[in-house]
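One structure is given here, and the rest of the page talks about it.
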Amino acid sequence: MAKGEGSESGSAAGLLPTGILQAAERPAQKEPKKKQQLSICNKLCYAVGGAPYQVTGCALGFFLQIYLLDVAQVDPFSASIILFVGRAWDAFTDPLVGFCISKSSWTRLGRLMPWIIFSTPLAVIAYFLIWFVPDFPQGQALWYLLFYCLFETLVTCFHVPYSALTMFISTEQSERDSATAYRMTVEVLGTVLGTAIQGQIVGQADTPCLQDSNGSALASEGTNHTQSATSLKETQNAYLLAAGVIASIYVVCAVILTLGVREQREPYETQQAEPMSFFRGLRLVMSHGPYVKLIAGFLFTSLAFMLVEGNFALFCTYTLGFRNEFQNLLLAIMLSATFTIPIWQWFLTRFGKKTAVYIGISSAVPFLILVAFMESNLVITYVVAVAAGISVAAAFLLPWSMLPDVIDDFHLKQPQSHGTEPIFFSFYVFFTKFASGVSLGISTLSLDFAGYQTRGCSQPARVKFTLKMLVTIAPIVLILLGLLLFKLYPIDEEKRRQNKKDLQALREEASSSGCSDTDSTELARIL
C-alpha cells in the first residue's frame with residue numbers, strides 16, 4: 001500500500017513542469033518592492049483637479065452678493081436668506097456626500113472617480129444658471145436659492161472625493177506630500193484666476209454707483225432708476241460671459257484630472273469582504289486622537305485667516321483708506337502664497353511638518369501686530385500683504401499634507417477598517433466651512449453693534465476700531481490658541497517614519513499572502 005502511494009506520487013510529479021516543482025519545494029522569496037513614483041505629469045494632472053473648487057468659490061464669494069442686489073435686483077432680506085441657507089447647506093452636504101461615497105463600491109474607474117466624472121456636467125449647468133436672471137421677478141429668490149444649493153451639492157460631490165483621492169494616488173507618503181504641494185499651488189492660482197476673470201470681465205460693465213456709494217443715497221438710487229434696460233442687460237451678459245469662462249475651466253480641469261490620474265486600491269483592502277457602516281466608521285474616526293487634535297488646531301487657525309479674509313476689503317476701504325487698492329492687495333497676497341508653497345514643501349520635508357506649522361502660521365503674527373499699530377501707509381501695507389501670503393501658503397498646504405499621516409496612523413490601529421477616507425476628508429471640510437460661517441457671523445454682528453453704515457463713504461471711529469480688531473488682534477489670539485493645540489498633536493517625524501515602515505510591512509504581507517493564494521490555486525489547477 002505504501003509502495004503504491006509512492007508510485008502514484010512519483011507519476012504525478014512527472015507530469016509537473018520542473019519550475020513548478022522547484023517553486024513549490026523552496027520557500028517563497030520576497031522581492032524588494034519598488035518605490036511607487038508619481039511622474040510630474042501625474043502630479044500636475046492631480047493638482048489641476050483642485051482648481052474648479054477654488055475658481056468657482058472665489059467668484060461666488062466675492063461677487064454673488066453684489067450680483068443679487070444690483071444686477072438681479074433681489075431685495076436685501078431675500079439675498080441674505082439665499083447666502084445664509086446656501087452656506088449652511090454647503091457645510092451639511094460634506095458629511096452627507098462622505099457617507100454616500102463610503103457606501104460606494106469599487107468600479108473599473110475606481111470608487112472616487114465616478115463621482116467626479118458624473119457630477120461635473122451637472123455642476124457646470126447649475127453654476128451657469130446661478131448667474132442667469134430669469135424673466136419672472138416673483139420667483140427669483142427661489143430660483144437663486146435652488147440653483148445655489150444645487151451647485152454647492154454638486155461641487156461637493158466633486159471636491160470631497162477629489163480630496164480623498166490623495167490617499168489613492170500613491171502609497172508613498174513622500175509622493176503624496178509632493179502631489180499635495182502641487183495641488184495647493186494650483187489651488188492658490190485658482191483663487192487668483194477666479195478673482196481676476198470675474199473682476200476683469202464684470203468690471204468692464206460695472207456702473208459707477210457700485211463704487212461711489214456715499215451718503216447721498218438718493219443720487220445713487222436715482223442713477224439706478226434711470227439706468228437704461230440696455231445697460232442693465234450688458235451687465236447681466238457680462239456676468240454670464242464670466243460664468244461661461246469659469247464653467248469652461250471647470251470642465252477642462254475635470255477632464256485633465258480624469259485622464260491623468262489613476263485611482264489605486266490598497267493591497268490589504270482588497271482582502272476585506274465588506275466595508276464597515278458609515279456610523280461605525282464615523283465613531284472610529286471621531287475617536288481617533290490625532291485626528292481630533294489636528295482638526296481642533298486647524299479649526300482655530302482657519303478661523304483666524306477667515307476673519308482676515310472676510311473683513312479685508314472693509315478694512316482696506318474704511319480703516320486704511322485704500323478704497324481702490326483692494327484688488328491689487330489681494331493679488332499681492334495670492335501671488336506671494338503661490339510662489340512660496342514650493343518653499344514650504346521643501347521646508348516640511350527638510351525640518352518636519354510640525355516645525356513647518358509653528359513657523360509658517362506664526363509668521364503672520366508680527367505683521368498683524370504691525371498693521372494694528374501703524375498709521376495708514378500704502379507701501380507698508382503691500383509689504384504686509386506679501387508677508388501674509390507666505391503664511392497663507394502654509395495654512396493652505398499643511399492641513400492637506402498632515403491629514404494623510406493621520407489616516408495612515410488610523411489604518412495601523414484599525415487595520416480591518418477600510419473605506420473611511422471620505423469620512424476623514426469630508427468632516428475636515430465640514431469643520432473648515434463651519435469656521436467660515438462662524439467668522440461671517442462674528443464679523444456681521446460686531447460691525448452691526450459698532451454702528452456700521454451701509455453704503456457709506458466713511459464709517460464711525462467705532463467701526464474702524466472694530467475692523468482693526470477683527471483683522472489683527474482676534475486672528476493673533478486664535479493663531480496662538482491653534483498653535484497651543486498643535487503641541488498635543490502626537491505624530492512627529494519619528495512617529496511618521498515608523499508608521500511608514502509598519503504600513504509598508506502590512507502591504508508586503510498582504511501582497512505576499514495574495515501571491516501565495518494565487519500560486520496555490522494554480523498548482524491545484526495543474527494537478
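By convention in this document, the chains of the C-alpha cells carry letters A, B, ... by their order, each chain's residues are numbered from 1, and ligands are numbered from 1 in the order they are shown.
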
Q | Long-range neighbours of Gly289 of chain A as a list in words, 12 Å cut-off, only C-alpha atoms, 3 positions minimum in chain | A |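 Here the qualifying residues turn out to be Arg283, Leu284, Val285, Met286, Val292, Lys293, Leu294, Ile295, Ala296, Val406, Ile407, Asp409, Phe410, Lys413, Leu488, Tyr489, Pro490 and Ile491 of chain A.
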
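Distances here use only C-alpha atoms; by that measure, the residue among A:Asp502, A:Leu142, A:Ala242, A:Phe168 closest to Ala59 of chain A is A:Ala242.
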
Q: Just give me the gap between atom CA of Pro415 of chain A and atom CA of Glu263 of chain A in Å, one decimal is fine.
A: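 Computed distance, atom CA of Pro415 of chain A to atom CA of Glu263 of chain A, equals 20.3 Å.
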
Q: Go through A:Leu320, A:Val133, A:Leu467, A:Leu145 and flag the residue nearest Met374 of chain A, using only C-alpha atoms for the distances.
A: A:Leu320

Q.
Under the rule that only C-alpha atoms are counted, which of A:Ile473, A:Ala51, A:Leu189, A:Ile359 is the nearest residue to Tyr250 of chain A?
A.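 That would be A:Ala51, the residue with the smallest distance to Tyr250 of chain A.
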
Q | For Thr56 of chain A, the nearest of the candidates A:Gln198, A:Thr472, A:Thr349, A:Gln236, counting only C-alpha atoms | A |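 Between A:Gln198, A:Thr472, A:Thr349, A:Gln236, the residue approaching Thr56 of chain A most closely is A:Gln198.
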